[in-house]
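Student: Below you will find the structure I want to go over with you.
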Amino acid sequence: MLELAHFQVLSAALFSIGIFGVLARRSAVLVLISIELMLNAVNVNLVGIAAFSERAADVRVFGQILVVFIITIAAAEIGLALAIVLRVFRNRGSANVDDLNVMKW
Amino acid sequence: MTAQLVVFYLVAAVAVIGSLGVVLTRNVVHAAFMLLVALLAVAGIFLVAVAEFLALAQILIYGGAVTVVVLFAIMLTRTDDQPRTDHSQRPLALLTAVGVFALLVVVFIGSDVASVADTRGVGTENETGFEALGLGLFTDWAIPFEVASLVLLVSLIGAILLARNVEDGE
């Protein structure tokens with residue numbers, strides 16, 4: 001029997017894998033990919049709760065609508081962030097996050 | 001019901017393996033393709049939870065657009081030497097990730113959400129289809145929907161401005 005806990009544990013697993021990627025990777029592109037993983041973990045959680053809620057169907061669908069907005073924002077974020085990474089690479093010759101230490105005191 | 005559970009476990013295993021591949025592989029291009037695997041598996045999870053529209057949107061946006069953009073970014077930011085892909089703070093990152101996972105699982109299992117949840121399970125009452133989603137999106141959520149389209153437009157223009165080659169003459 002499929003339960004809400006299944007979705008929640010999967011969501012927690014994807015989210016922590018994403019956190020590991022954000023903290024452990026050096027390439028800015030890989031950090032951004034890991035952020036996408038974390039956003040997807042949130043989506044899994046929202047869809048799970050929307051599917052298992054005992055509210056009426058027209059309230060329950062709000063969970064899925066939130067996911068639509070998160071996907072939209074994630075798409076905007078990855079496009080803009082990769083453009084910034086590209087610009088940084090052109091100006092500094094490196095897209096590694098630990099090479100960008102000009103503002104580090 | 002058990003078939004549903006088997007499908008869920010299969011797809012969830014693919015999702016977890018794919019995302020582990022994203023964060024563990026040394027090759028940057030492999031990481032992008034593992035991201036595609038993980039995101040398509042998440043689309044499968046959406047299908048198990050009877051969210052057809054989201055599964056389709058996930059495949060179109062992530063499978064189509066995001067992976068291609070990421071691959072282009074990898075191609076354009078490639079340097080000749082292949083440096084190590086991981087930070088020196090890797091053990092600390094592993095510790096943080098395991099800690100966050102444990103915390104999230106404890107909070108999820110201990111929360112009231114699970115007890116409030118419908119014990120009948122998914123798919124018994126298939127009303128949250130395209131119709132309900134569309135109605136909600138264009139009535140209660142119409143203004144956020146329009147704002148989201150504006151955000152997309154602005155970020156598109158911003159991305160073009162940032163990635164443009166200024167040296168080529170304006």
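Ligands are numbered from 1 in the order shown, chains are lettered A, B, ... in the order of the structure tokens, and residues start at 1 in each chain.
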With 7 Å as the limit and counting only C-alpha atoms, what residues in chain B lie close to chain A? Please list them as a VMD selection string.
Tutor: chain B and resid 1 to 2 4 to 5 12 16 19 to 20 23 46 49 66 73 to 74 77 85 to 87 89 to 90 93 to 94 97 to 98 100 to 101 104 to 105 108 to 109 114 117 to 118 121 to 122 127 to 128 132 to 133 137 148 152 155 158 to 159 162 to 163
Student: What gap, in Å, lies between atom CA of Val48 of chain B and atom CA of Asp112 of chain B?
Tutor: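 These atoms are spaced 23.2 Å apart.
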Student: Going by DSSP on the backbone, which bits of segment 6-103 of chain A are helix (DSSP H, G or I)? Write them as number ranges by chain, please.
Tutor: A: 6-24, 28-52, 57-60, 62-92, 97-99
